[in-house]
Amino acid sequence: MDIGALHFQNPEAFWLLVFVPVLVALYVYRNRRRKSTIKFPALSIARRAVPSRRVRLRHVVPALRLLALCCFVFALARPQNAMEVEYTSTDGVDIMLALDVSGSMGTLDMLTRAEQAKLGVMNAERLLKSGDFWKYSRLGYAKEVIAEFIQKRHSDRIGLSVFAGRSFTQCPLTLDYGSLLEILSAVNDSTATGNGTAIGDGLMNSLARIKKSTAKSRVVVLLTDGKDNASLVSPLHAADVAKALGVKVYTVGVGKKKGKILGFQQNPWTGEISWAEREITPEEGIDEEVLKGIAQKTGGRFYRAENREELENIYSEIDELEKTEIETVAYARYSEKFYPWLLVGALLILLELLLANTRFVRIP
């Protein structure tokens, strides 16, 4: 039985409170039948007699006894304070994020119309020199979406590797999402050295970090905007290694297939930097066949994103596909709270005895 925050182990003890109104009625009945005789020399003197304060307060003594009885009943019911304790066991997912940071990731082709109009009226030279344009680039959007993906996870270890012409581990598998997000925010096109895009090496680097994991599910999410042209290990051979290790690989290609790209141009005579648009060439873009092959070999999926909204939807889908199974076992731990009731009841009995034999003593 629970009343508020208290749990009563022996609630049947409250049946004893039924006797309280019985005792009150018995006291009133006996008090009314009690007859006292006092001899007065004249009735006029008796009529002027007014009950003193002591007489009016004579009912305090039995009231203290009844309150003490109520306290003892509460103590007998064993009030307890319950504190709920939860143990959570998880079958976690280990996730390595492989991120392309090559120079082409600075391309401004995933802008909305509003963002493109906003950039068009801003000083191109200032944005280029300050590096602020990066937050509107493929890499900038990828970092923001990946950060949101990390914040949605709760019990999974996540790591980060980056690649351009060479691949480097930025953060091993960790549950410290705060540190991981700080490392991710500092990633830029100079984080990984070398010219080109080493997709195969980027995947192998992630596999090296995740191969000793004992997690129930192991995943690599690889994002790139180009074709492999600098790897020591071919992407499809790296996919074979992932398959042998039981690691699932999701591949994400970013960038428009066709259309115009917003970029910078420099006036050869004045050196002034301004905005310019150019058409996407056939040589640019991702190698969909290779990325699809990696995903198919490992049981993952291939995705294509041409704008930020599509990229957000992709990572949301991966988040749903790779959910952690959490089993929670809850139990309650109780601490006894009947001692104060016993103490108060005992003090009320002592006070009742003291008053009954001193201030409110009755002489038959």
# chains A, B, ... in the order shown; residues from 1 in each chain; ligands from 1
$ closest_atom_pairs --of "range 64-128 of chain A" --to "range 243-254 of chain A" --cutoff "10 Å" --atoms "only C-alpha atoms" --output "Markdown table"
| residue | atom | partner | partner_atom | distance |
| --- | --- | --- | --- | --- |
| A:Asp94 | CA | A:Val247 | CA | 9.7 |
| A:Ile95 | CA | A:Lys248 | CA | 9.6 |
| A:Met96 | CA | A:Val249 | CA | 9.5 |
| A:Leu97 | CA | A:Tyr250 | CA | 9.8 |
| A:Ala98 | CA | A:Thr251 | CA | 9.4 |
| A:Leu99 | CA | A:Val252 | CA | 9.8 |
| A:Met105 | CA | A:Val254 | CA | 8.9 |
| A:Asp109 | CA | A:Val254 | CA | 9.6 |
| A:Met110 | CA | A:Val254 | CA | 8.6 |
$ write_last_selection --atoms "N, CA, C and O atoms" --output "mmCIF file, in the first residue's frame"
data_model
loop_
_atom_site.group_PDB
_atom_site.id
_atom_site.type_symbol
_atom_site.label_atom_id
_atom_site.label_comp_id
_atom_site.auth_asym_id
_atom_site.auth_seq_id
_atom_site.Cartn_x
_atom_site.Cartn_y
_atom_site.Cartn_z
ATOM 1 N N ASP A 94 28.668 -0.283 -32.090
ATOM 2 C CA ASP A 94 29.908 0.477 -32.281
ATOM 3 C C ASP A 94 29.904 1.053 -33.695
ATOM 4 O O ASP A 94 29.741 0.310 -34.673
ATOM 5 N N ILE A 95 30.082 2.355 -33.783
ATOM 6 C CA ILE A 95 29.964 3.045 -35.070
ATOM 7 C C ILE A 95 31.229 3.861 -35.334
ATOM 8 O O ILE A 95 31.611 4.704 -34.521
ATOM 9 N N MET A 96 31.869 3.612 -36.477
ATOM 10 C CA MET A 96 32.969 4.453 -36.931
ATOM 11 C C MET A 96 32.457 5.339 -38.057
ATOM 12 O O MET A 96 31.835 4.865 -39.011
ATOM 13 N N LEU A 97 32.719 6.632 -37.934
ATOM 14 C CA LEU A 97 32.312 7.601 -38.951
ATOM 15 C C LEU A 97 33.536 7.935 -39.799
ATOM 16 O O LEU A 97 34.511 8.503 -39.286
ATOM 17 N N ALA A 98 33.499 7.561 -41.057
ATOM 18 C CA ALA A 98 34.607 7.848 -41.978
ATOM 19 C C ALA A 98 34.202 9.045 -42.838
ATOM 20 O O ALA A 98 33.235 8.963 -43.606
ATOM 21 N N LEU A 99 34.938 10.151 -42.707
ATOM 22 C CA LEU A 99 34.546 11.409 -43.340
ATOM 23 C C LEU A 99 35.599 11.888 -44.332
ATOM 24 O O LEU A 99 36.782 12.031 -43.988
ATOM 25 N N MET A 105 35.499 18.827 -50.892
ATOM 26 C CA MET A 105 34.417 18.915 -49.905
ATOM 27 C C MET A 105 34.097 20.361 -49.549
ATOM 28 O O MET A 105 33.130 20.644 -48.846
ATOM 29 N N ASP A 109 27.712 23.542 -53.432
ATOM 30 C CA ASP A 109 26.671 23.122 -54.378
ATOM 31 C C ASP A 109 25.444 22.533 -53.681
ATOM 32 O O ASP A 109 24.529 22.059 -54.358
ATOM 33 N N MET A 110 25.411 22.564 -52.350
ATOM 34 C CA MET A 110 24.271 22.008 -51.619
ATOM 35 C C MET A 110 23.435 23.109 -50.979
ATOM 36 O O MET A 110 22.661 22.879 -50.051
#
$ closest_residue --among "A:Leu111, A:Leu119, A:Ala147, A:Leu64" --to "Ala356 in chain A" --atoms "only C-alpha atoms"
A:Leu64
$ closest_residue --among "A:Leu342, A:Ala239, A:Ile318, A:Leu291" --to "Ile150 in chain A" --atoms "only C-alpha atoms"
A:Ile318
$ select_by_dssp --residues "range 194-230 of chain A" --states "alpha helix (DSSP H)" --output "compact mmCIF listing (two decimals) with C-alpha atoms, in the first residue's frame"
# COMPACT_ATOMS: atom_id res chain seq x y z
CA ILE A 199 38.22 5.89 -49.98
CA GLY A 200 39.71 2.41 -49.60
CA ASP A 201 42.29 3.58 -47.05
CA GLY A 202 39.62 5.56 -45.19
CA LEU A 203 37.50 2.42 -44.86
CA MET A 204 40.49 0.28 -43.81
CA ASN A 205 41.42 2.82 -41.14
CA SER A 206 37.91 2.60 -39.68
CA LEU A 207 37.98 -1.18 -39.81
CA ALA A 208 41.29 -1.23 -37.93
CA ARG A 209 39.61 0.71 -35.12
CA ILE A 210 36.49 -1.44 -34.96
$ atom_distance --atom1 "CA of Val22 in chain A" --atom2 "CA of Leu351 in chain A"
22.8 Å
$ residues_around --residues "Val73 in chain A" --least-positions-apart "4" --cutoff "12 Å" --atoms "only C-alpha atoms" --output "ChimeraX atom specification"
/A:8,10-20,66-69,77-79,338,341-342,344-345
$ write_last_selection --atoms "N, CA and C atoms" --output "PDB file, in the first residue's frame"
ATOM      1  N   PHE A   8       3.591   1.291   2.824  1.00  0.00           N
ATOM      2  CA  PHE A   8       3.286   0.652   4.094  1.00  0.00           C
ATOM      3  C   PHE A   8       3.341  -0.861   3.908  1.00  0.00           C
ATOM      4  N   ASN A  10       2.753  -3.234   6.237  1.00  0.00           N
ATOM      5  CA  ASN A  10       1.664  -3.931   6.932  1.00  0.00           C
ATOM      6  C   ASN A  10       0.421  -3.042   6.977  1.00  0.00           C
ATOM      7  N   PRO A  11      -0.229  -2.795   5.857  1.00  0.00           N
ATOM      8  CA  PRO A  11      -1.372  -1.872   5.844  1.00  0.00           C
ATOM      9  C   PRO A  11      -2.568  -2.377   6.654  1.00  0.00           C
ATOM     10  N   GLU A  12      -2.617  -3.704   6.927  1.00  0.00           N
ATOM     11  CA  GLU A  12      -3.742  -4.234   7.700  1.00  0.00           C
ATOM     12  C   GLU A  12      -3.785  -3.660   9.113  1.00  0.00           C
ATOM     13  N   ALA A  13      -2.653  -3.112   9.574  1.00  0.00           N
ATOM     14  CA  ALA A  13      -2.629  -2.513  10.919  1.00  0.00           C
ATOM     15  C   ALA A  13      -3.563  -1.319  11.021  1.00  0.00           C
ATOM     16  N   PHE A  14      -3.874  -0.680   9.905  1.00  0.00           N
ATOM     17  CA  PHE A  14      -4.761   0.488   9.939  1.00  0.00           C
ATOM     18  C   PHE A  14      -6.181   0.129  10.391  1.00  0.00           C
ATOM     19  N   TRP A  15      -6.526  -1.163  10.360  1.00  0.00           N
ATOM     20  CA  TRP A  15      -7.846  -1.564  10.863  1.00  0.00           C
ATOM     21  C   TRP A  15      -7.994  -1.246  12.345  1.00  0.00           C
ATOM     22  N   LEU A  16      -6.863  -1.140  13.035  1.00  0.00           N
ATOM     23  CA  LEU A  16      -6.934  -0.812  14.476  1.00  0.00           C
ATOM     24  C   LEU A  16      -7.473   0.592  14.707  1.00  0.00           C
ATOM     25  N   LEU A  17      -7.400   1.446  13.694  1.00  0.00           N
ATOM     26  CA  LEU A  17      -7.920   2.813  13.854  1.00  0.00           C
ATOM     27  C   LEU A  17      -9.439   2.832  13.986  1.00  0.00           C
ATOM     28  N   VAL A  18     -10.075   1.689  13.660  1.00  0.00           N
ATOM     29  CA  VAL A  18     -11.526   1.596  13.831  1.00  0.00           C
ATOM     30  C   VAL A  18     -11.919   1.793  15.296  1.00  0.00           C
ATOM     31  N   PHE A  19     -11.009   1.403  16.204  1.00  0.00           N
ATOM     32  CA  PHE A  19     -11.314   1.507  17.634  1.00  0.00           C
ATOM     33  C   PHE A  19     -11.218   2.940  18.147  1.00  0.00           C
ATOM     34  N   VAL A  20     -10.613   3.842  17.389  1.00  0.00           N
ATOM     35  CA  VAL A  20     -10.463   5.224  17.858  1.00  0.00           C
ATOM     36  C   VAL A  20     -11.819   5.888  18.076  1.00  0.00           C
ATOM     37  N   LEU A  66      -5.091   9.037  22.728  1.00  0.00           N
ATOM     38  CA  LEU A  66      -5.575   8.607  21.419  1.00  0.00           C
ATOM     39  C   LEU A  66      -4.561   8.923  20.314  1.00  0.00           C
ATOM     40  N   LEU A  67      -3.924  10.096  20.390  1.00  0.00           N
ATOM     41  CA  LEU A  67      -2.892  10.430  19.400  1.00  0.00           C
ATOM     42  C   LEU A  67      -1.729   9.459  19.474  1.00  0.00           C
ATOM     43  N   ALA A  68      -1.349   9.085  20.710  1.00  0.00           N
ATOM     44  CA  ALA A  68      -0.271   8.106  20.870  1.00  0.00           C
ATOM     45  C   ALA A  68      -0.661   6.768  20.252  1.00  0.00           C
ATOM     46  N   LEU A  69      -1.942   6.377  20.431  1.00  0.00           N
ATOM     47  CA  LEU A  69      -2.424   5.137  19.830  1.00  0.00           C
ATOM     48  C   LEU A  69      -2.333   5.195  18.313  1.00  0.00           C
ATOM     49  N   ALA A  77       2.149  -0.308  11.048  1.00  0.00           N
ATOM     50  CA  ALA A  77       1.950  -0.480   9.604  1.00  0.00           C
ATOM     51  C   ALA A  77       3.258  -0.438   8.828  1.00  0.00           C
ATOM     52  N   ARG A  78       4.360  -0.094   9.488  1.00  0.00           N
ATOM     53  CA  ARG A  78       5.706  -0.060   8.905  1.00  0.00           C
ATOM     54  C   ARG A  78       5.809   0.831   7.666  1.00  0.00           C
ATOM     55  N   PRO A  79       5.747   2.146   7.863  1.00  0.00           N
ATOM     56  CA  PRO A  79       5.966   3.048   6.711  1.00  0.00           C
ATOM     57  C   PRO A  79       7.400   2.947   6.227  1.00  0.00           C
ATOM     58  N   PHE A 338       9.422   3.897  10.468  1.00  0.00           N
ATOM     59  CA  PHE A 338       8.481   3.801  11.581  1.00  0.00           C
ATOM     60  C   PHE A 338       9.067   4.316  12.898  1.00  0.00           C
ATOM     61  N   TRP A 341       7.541   7.561  14.306  1.00  0.00           N
ATOM     62  CA  TRP A 341       6.187   7.365  14.838  1.00  0.00           C
ATOM     63  C   TRP A 341       6.227   6.744  16.227  1.00  0.00           C
ATOM     64  N   LEU A 342       7.132   5.774  16.449  1.00  0.00           N
ATOM     65  CA  LEU A 342       7.287   5.183  17.779  1.00  0.00           C
ATOM     66  C   LEU A 342       7.741   6.220  18.794  1.00  0.00           C
ATOM     67  N   VAL A 344       7.394   9.544  18.665  1.00  0.00           N
ATOM     68  CA  VAL A 344       6.334  10.518  18.951  1.00  0.00           C
ATOM     69  C   VAL A 344       5.266   9.894  19.843  1.00  0.00           C
ATOM     70  N   GLY A 345       4.902   8.634  19.568  1.00  0.00           N
ATOM     71  CA  GLY A 345       3.906   7.961  20.403  1.00  0.00           C
ATOM     72  C   GLY A 345       4.363   7.827  21.838  1.00  0.00           C
TER      73      GLY A 345
END
$ residues_around --residues "Lys337 in chain A" --least-positions-apart "2" --cutoff "7 Å" --atoms "only C-alpha atoms" --output "NGL selection string"
:A and (79-81 or 335 or 339-340)
$ closest_atom_pairs --of "range 58-165 of chain A" --to "range 260-271 of chain A" --cutoff "10 Å" --atoms "only C-alpha atoms" --output "JSON lines"
{"residue": "A:Gly106", "atom": "CA", "partner": "A:Gly263", "partner_atom": "CA", "distance": 9.5}
{"residue": "A:Thr107", "atom": "CA", "partner": "A:Gly263", "partner_atom": "CA", "distance": 7.3}
{"residue": "A:Leu108", "atom": "CA", "partner": "A:Leu262", "partner_atom": "CA", "distance": 5.4}
{"residue": "A:Asp109", "atom": "CA", "partner": "A:Ile261", "partner_atom": "CA", "distance": 5.0}
{"residue": "A:Met110", "atom": "CA", "partner": "A:Ile261", "partner_atom": "CA", "distance": 8.7}
{"residue": "A:Leu111", "atom": "CA", "partner": "A:Leu262", "partner_atom": "CA", "distance": 8.9}
{"residue": "A:Gln116", "atom": "CA", "partner": "A:Leu262", "partner_atom": "CA", "distance": 8.0}
{"residue": "A:Leu119", "atom": "CA", "partner": "A:Leu262", "partner_atom": "CA", "distance": 9.3}
{"residue": "A:Gly120", "atom": "CA", "partner": "A:Leu262", "partner_atom": "CA", "distance": 9.1}
{"residue": "A:Ala124", "atom": "CA", "partner": "A:Phe264", "partner_atom": "CA", "distance": 7.1}
{"residue": "A:Glu125", "atom": "CA", "partner": "A:Phe264", "partner_atom": "CA", "distance": 8.3}
{"residue": "A:Leu127", "atom": "CA", "partner": "A:Phe264", "partner_atom": "CA", "distance": 9.9}
{"residue": "A:Leu128", "atom": "CA", "partner": "A:Phe264", "partner_atom": "CA", "distance": 8.0}
{"residue": "A:Phe133", "atom": "CA", "partner": "A:Gly263", "partner_atom": "CA", "distance": 9.9}
{"residue": "A:Ser137", "atom": "CA", "partner": "A:Leu262", "partner_atom": "CA", "distance": 10.0}
$ write_last_selection --atoms "N, CA, C and O atoms" --output "PDB file, in the first residue's frame"
ATOM      1  N   GLY A 106      34.915  21.296 -50.042  1.00  0.00           N
ATOM      2  CA  GLY A 106      34.630  22.715 -49.838  1.00  0.00           C
ATOM      3  C   GLY A 106      33.717  23.296 -50.905  1.00  0.00           C
ATOM      4  O   GLY A 106      33.442  24.499 -50.909  1.00  0.00           O
ATOM      5  N   THR A 107      33.221  22.450 -51.827  1.00  0.00           N
ATOM      6  CA  THR A 107      32.350  22.917 -52.905  1.00  0.00           C
ATOM      7  C   THR A 107      31.015  23.419 -52.351  1.00  0.00           C
ATOM      8  O   THR A 107      30.429  22.806 -51.455  1.00  0.00           O
ATOM      9  N   LEU A 108      30.539  24.534 -52.931  1.00  0.00           N
ATOM     10  CA  LEU A 108      29.277  25.144 -52.484  1.00  0.00           C
ATOM     11  C   LEU A 108      28.168  24.789 -53.471  1.00  0.00           C
ATOM     12  O   LEU A 108      27.716  25.624 -54.250  1.00  0.00           O
ATOM     13  N   ASP A 109      27.712  23.542 -53.432  1.00  0.00           N
ATOM     14  CA  ASP A 109      26.671  23.122 -54.378  1.00  0.00           C
ATOM     15  C   ASP A 109      25.444  22.533 -53.681  1.00  0.00           C
ATOM     16  O   ASP A 109      24.529  22.059 -54.358  1.00  0.00           O
ATOM     17  N   MET A 110      25.411  22.564 -52.350  1.00  0.00           N
ATOM     18  CA  MET A 110      24.271  22.008 -51.619  1.00  0.00           C
ATOM     19  C   MET A 110      23.435  23.109 -50.979  1.00  0.00           C
ATOM     20  O   MET A 110      22.661  22.879 -50.051  1.00  0.00           O
ATOM     21  N   LEU A 111      23.591  24.341 -51.506  1.00  0.00           N
ATOM     22  CA  LEU A 111      22.902  25.500 -50.934  1.00  0.00           C
ATOM     23  C   LEU A 111      21.427  25.521 -51.325  1.00  0.00           C
ATOM     24  O   LEU A 111      21.053  25.099 -52.423  1.00  0.00           O
ATOM     25  N   GLN A 116      21.989  30.681 -51.136  1.00  0.00           N
ATOM     26  CA  GLN A 116      22.760  31.162 -52.275  1.00  0.00           C
ATOM     27  C   GLN A 116      22.565  32.669 -52.474  1.00  0.00           C
ATOM     28  O   GLN A 116      23.515  33.388 -52.768  1.00  0.00           O
ATOM     29  N   LEU A 119      24.620  34.414 -49.715  1.00  0.00           N
ATOM     30  CA  LEU A 119      26.051  34.459 -50.004  1.00  0.00           C
ATOM     31  C   LEU A 119      26.348  35.430 -51.152  1.00  0.00           C
ATOM     32  O   LEU A 119      27.395  36.077 -51.173  1.00  0.00           O
ATOM     33  N   GLY A 120      25.441  35.528 -52.108  1.00  0.00           N
ATOM     34  CA  GLY A 120      25.673  36.366 -53.279  1.00  0.00           C
ATOM     35  C   GLY A 120      25.850  37.833 -52.956  1.00  0.00           C
ATOM     36  O   GLY A 120      26.488  38.571 -53.725  1.00  0.00           O
ATOM     37  N   ALA A 124      32.856  38.178 -51.066  1.00  0.00           N
ATOM     38  CA  ALA A 124      33.463  36.887 -51.388  1.00  0.00           C
ATOM     39  C   ALA A 124      34.879  36.781 -50.850  1.00  0.00           C
ATOM     40  O   ALA A 124      35.279  35.746 -50.309  1.00  0.00           O
ATOM     41  N   GLU A 125      35.674  37.852 -51.000  1.00  0.00           N
ATOM     42  CA  GLU A 125      37.067  37.817 -50.557  1.00  0.00           C
ATOM     43  C   GLU A 125      37.153  37.638 -49.047  1.00  0.00           C
ATOM     44  O   GLU A 125      37.987  36.882 -48.545  1.00  0.00           O
ATOM     45  N   LEU A 127      34.914  36.206 -47.065  1.00  0.00           N
ATOM     46  CA  LEU A 127      34.507  34.846 -46.708  1.00  0.00           C
ATOM     47  C   LEU A 127      35.606  33.837 -47.009  1.00  0.00           C
ATOM     48  O   LEU A 127      35.829  32.888 -46.245  1.00  0.00           O
ATOM     49  N   LEU A 128      36.300  34.036 -48.145  1.00  0.00           N
ATOM     50  CA  LEU A 128      37.361  33.108 -48.531  1.00  0.00           C
ATOM     51  C   LEU A 128      38.527  33.184 -47.564  1.00  0.00           C
ATOM     52  O   LEU A 128      39.044  32.150 -47.112  1.00  0.00           O
ATOM     53  N   PHE A 133      33.195  30.432 -45.360  1.00  0.00           N
ATOM     54  CA  PHE A 133      32.394  29.796 -46.403  1.00  0.00           C
ATOM     55  C   PHE A 133      32.270  28.294 -46.182  1.00  0.00           C
ATOM     56  O   PHE A 133      31.363  27.644 -46.734  1.00  0.00           O
ATOM     57  N   SER A 137      29.554  24.650 -47.141  1.00  0.00           N
ATOM     58  CA  SER A 137      30.105  23.681 -48.093  1.00  0.00           C
ATOM     59  C   SER A 137      29.580  22.271 -47.811  1.00  0.00           C
ATOM     60  O   SER A 137      28.864  22.029 -46.832  1.00  0.00           O
TER      61      SER A 137
END
$ residues_around --residues "Leu180 in chain A" --least-positions-apart "5" --cutoff "12 Å" --atoms "only C-alpha atoms" --output "CSV table (one decimal) with all heavy atoms, in the first residue's frame"
chain,number,residue,atom,x,y,z
A,96,MET,N,31.9,3.6,-36.5
A,96,MET,CA,33.0,4.5,-36.9
A,96,MET,C,32.5,5.3,-38.1
A,96,MET,O,31.8,4.9,-39.0
A,96,MET,CB,34.1,3.6,-37.4
A,96,MET,CG,35.0,3.1,-36.3
A,96,MET,SD,35.9,4.3,-35.3
A,96,MET,CE,36.8,5.2,-36.5
A,97,LEU,N,32.7,6.6,-37.9
A,97,LEU,CA,32.3,7.6,-39.0
A,97,LEU,C,33.5,7.9,-39.8
A,97,LEU,O,34.5,8.5,-39.3
A,97,LEU,CB,31.8,8.9,-38.3
A,97,LEU,CG,30.6,8.6,-37.4
A,97,LEU,CD1,30.3,9.9,-36.6
A,97,LEU,CD2,29.3,8.2,-38.2
A,143,LYS,N,29.3,17.9,-41.4
A,143,LYS,CA,29.7,18.0,-40.0
A,143,LYS,C,28.5,18.3,-39.1
A,143,LYS,O,28.3,17.7,-38.1
A,143,LYS,CB,30.8,19.1,-39.8
A,143,LYS,CG,32.1,18.7,-40.3
A,143,LYS,CD,33.1,19.8,-40.4
A,143,LYS,CE,33.3,20.6,-39.1
A,143,LYS,NZ,34.3,21.6,-39.2
A,146,ILE,N,26.2,15.1,-39.1
A,146,ILE,CA,26.9,14.1,-38.3
A,146,ILE,C,26.8,14.4,-36.8
A,146,ILE,O,26.6,13.5,-35.9
A,146,ILE,CB,28.3,13.9,-38.7
A,146,ILE,CG1,28.4,13.2,-40.1
A,146,ILE,CG2,29.1,13.0,-37.7
A,146,ILE,CD1,29.8,13.2,-40.7
A,147,ALA,N,27.0,15.7,-36.4
A,147,ALA,CA,26.9,16.1,-35.0
A,147,ALA,C,25.5,15.8,-34.5
A,147,ALA,O,25.3,15.3,-33.3
A,147,ALA,CB,27.2,17.6,-34.9
A,149,PHE,N,23.5,13.5,-35.6
A,149,PHE,CA,23.4,12.0,-35.5
A,149,PHE,C,24.1,11.5,-34.2
A,149,PHE,O,23.5,10.7,-33.5
A,149,PHE,CB,24.2,11.4,-36.7
A,149,PHE,CG,24.3,9.9,-36.7
A,149,PHE,CD1,23.3,9.1,-37.0
A,149,PHE,CD2,25.5,9.4,-36.3
A,149,PHE,CE1,23.4,7.7,-37.0
A,149,PHE,CE2,25.6,8.0,-36.2
A,149,PHE,CZ,24.6,7.2,-36.6
A,150,ILE,N,25.2,12.1,-33.8
A,150,ILE,CA,25.9,11.7,-32.6
A,150,ILE,C,25.1,12.0,-31.4
A,150,ILE,O,25.0,11.2,-30.4
A,150,ILE,CB,27.3,12.4,-32.5
A,150,ILE,CG1,28.2,11.9,-33.6
A,150,ILE,CG2,27.9,12.2,-31.1
A,150,ILE,CD1,29.5,12.7,-33.7
A,151,GLN,N,24.4,13.2,-31.4
A,151,GLN,CA,23.6,13.6,-30.2
A,151,GLN,C,22.4,12.8,-30.0
A,151,GLN,O,21.8,12.7,-28.9
A,151,GLN,CB,23.2,15.1,-30.4
A,151,GLN,CG,24.4,16.0,-30.3
A,151,GLN,CD,24.1,17.4,-30.7
A,151,GLN,OE1,23.1,17.7,-31.3
A,151,GLN,NE2,25.0,18.4,-30.4
A,157,ARG,N,29.2,3.3,-28.6
A,157,ARG,CA,30.5,3.9,-28.8
A,157,ARG,C,30.6,4.4,-30.3
A,157,ARG,O,30.3,3.7,-31.2
A,157,ARG,CB,31.6,2.9,-28.5
A,157,ARG,CG,31.6,2.5,-27.1
A,157,ARG,CD,32.9,1.7,-26.7
A,157,ARG,NE,33.2,0.6,-27.6
A,157,ARG,CZ,34.3,0.0,-27.7
A,157,ARG,NH1,35.3,0.4,-27.0
A,157,ARG,NH2,34.4,-1.1,-28.5
A,158,ILE,N,31.1,5.6,-30.4
A,158,ILE,CA,31.3,6.2,-31.8
A,158,ILE,C,32.7,6.7,-31.9
A,158,ILE,O,33.3,7.3,-31.0
A,158,ILE,CB,30.3,7.3,-32.0
A,158,ILE,CG1,28.8,6.9,-31.7
A,158,ILE,CG2,30.4,7.9,-33.4
A,158,ILE,CD1,27.8,7.9,-31.8
A,159,GLY,N,33.3,6.5,-33.1
A,159,GLY,CA,34.6,7.0,-33.4
A,159,GLY,C,34.6,7.8,-34.7
A,159,GLY,O,33.6,7.8,-35.5
A,160,LEU,N,35.7,8.5,-35.0
A,160,LEU,CA,35.8,9.3,-36.2
A,160,LEU,C,37.1,9.2,-36.8
A,160,LEU,O,38.2,9.3,-36.2
A,160,LEU,CB,35.6,10.8,-35.8
A,160,LEU,CG,35.7,11.8,-36.9
A,160,LEU,CD1,34.7,11.6,-38.0
A,160,LEU,CD2,35.7,13.2,-36.4
A,161,SER,N,37.1,8.9,-38.1
A,161,SER,CA,38.3,8.9,-39.0
A,161,SER,C,38.1,9.8,-40.2
A,161,SER,O,36.9,9.9,-40.6
A,161,SER,CB,38.7,7.4,-39.4
A,161,SER,OG,37.7,6.9,-40.3
A,169,THR,N,43.0,8.6,-37.9
A,169,THR,CA,41.9,8.5,-36.9
A,169,THR,C,41.9,9.8,-36.1
A,169,THR,O,42.9,10.1,-35.5
A,169,THR,CB,42.2,7.3,-36.0
A,169,THR,OG1,42.2,6.1,-36.8
A,169,THR,CG2,41.2,7.2,-34.9
A,170,GLN,N,40.8,10.4,-36.0
A,170,GLN,CA,40.7,11.6,-35.2
A,170,GLN,C,40.2,11.3,-33.8
A,170,GLN,O,40.6,11.9,-32.8
A,170,GLN,CB,39.6,12.5,-35.8
A,170,GLN,CG,40.1,13.2,-37.1
A,170,GLN,CD,41.4,14.0,-36.9
A,170,GLN,OE1,41.4,15.0,-36.3
A,170,GLN,NE2,42.5,13.5,-37.5
A,171,CYS,N,39.4,10.3,-33.6
A,171,CYS,CA,38.9,9.9,-32.3
A,171,CYS,C,38.5,8.4,-32.3
A,171,CYS,O,37.7,7.9,-33.2
A,171,CYS,CB,37.6,10.7,-32.0
A,171,CYS,SG,36.9,10.3,-30.3
A,172,PRO,N,39.1,7.6,-31.5
A,172,PRO,CA,38.8,6.2,-31.4
A,172,PRO,C,37.3,6.0,-30.8
A,172,PRO,O,36.7,7.0,-30.4
A,172,PRO,CB,39.8,5.6,-30.4
A,172,PRO,CG,40.2,6.8,-29.6
A,172,PRO,CD,40.1,8.0,-30.5
A,173,LEU,N,36.8,4.8,-30.8
A,173,LEU,CA,35.5,4.6,-30.3
A,173,LEU,C,35.4,5.0,-28.8
A,173,LEU,O,36.2,4.7,-28.0
A,173,LEU,CB,35.2,3.1,-30.4
A,173,LEU,CG,35.1,2.5,-31.8
A,173,LEU,CD1,35.0,1.0,-31.7
A,173,LEU,CD2,33.8,3.0,-32.4
A,174,THR,N,34.3,5.8,-28.6
A,174,THR,CA,34.2,6.4,-27.3
A,174,THR,C,32.7,6.7,-26.9
A,174,THR,O,31.9,6.8,-27.8
A,174,THR,CB,35.0,7.8,-27.2
A,174,THR,OG1,34.8,8.3,-25.9
A,174,THR,CG2,34.4,8.8,-28.2
A,175,LEU,N,32.5,6.8,-25.6
A,175,LEU,CA,31.1,7.2,-25.2
A,175,LEU,C,31.2,8.7,-24.8
A,175,LEU,O,30.1,9.2,-24.4
A,175,LEU,CB,30.7,6.4,-24.0
A,175,LEU,CG,30.3,4.9,-24.3
A,175,LEU,CD1,30.2,4.1,-23.0
A,175,LEU,CD2,29.0,4.9,-25.1
A,185,SER,N,34.1,19.3,-34.7
A,185,SER,CA,33.9,20.7,-35.1
A,185,SER,C,35.2,21.3,-35.6
A,185,SER,O,35.2,22.3,-36.4
A,185,SER,CB,33.4,21.5,-33.9
A,185,SER,OG,34.4,21.5,-32.8
A,186,ALA,N,36.3,20.7,-35.2
A,186,ALA,CA,37.7,21.3,-35.6
A,186,ALA,C,38.2,20.7,-36.9
A,186,ALA,O,39.2,21.1,-37.4
A,186,ALA,CB,38.7,21.0,-34.5
A,187,VAL,N,37.5,19.7,-37.4
A,187,VAL,CA,37.9,19.0,-38.7
A,187,VAL,C,37.7,20.0,-39.8
A,187,VAL,O,36.7,20.7,-40.0
A,187,VAL,CB,37.0,17.8,-38.9
A,187,VAL,CG1,37.2,17.3,-40.3
A,187,VAL,CG2,37.4,16.7,-37.9
$ select_by_dssp --residues "range 104-181 of chain A" --states "strand (DSSP E or B)" --output "ChimeraX atom specification"
/A:108,157-163,167-174
$ atom_distance --atom1 "CA of Glu310 in chain A" --atom2 "CA of Glu283 in chain A"
23.0 Å
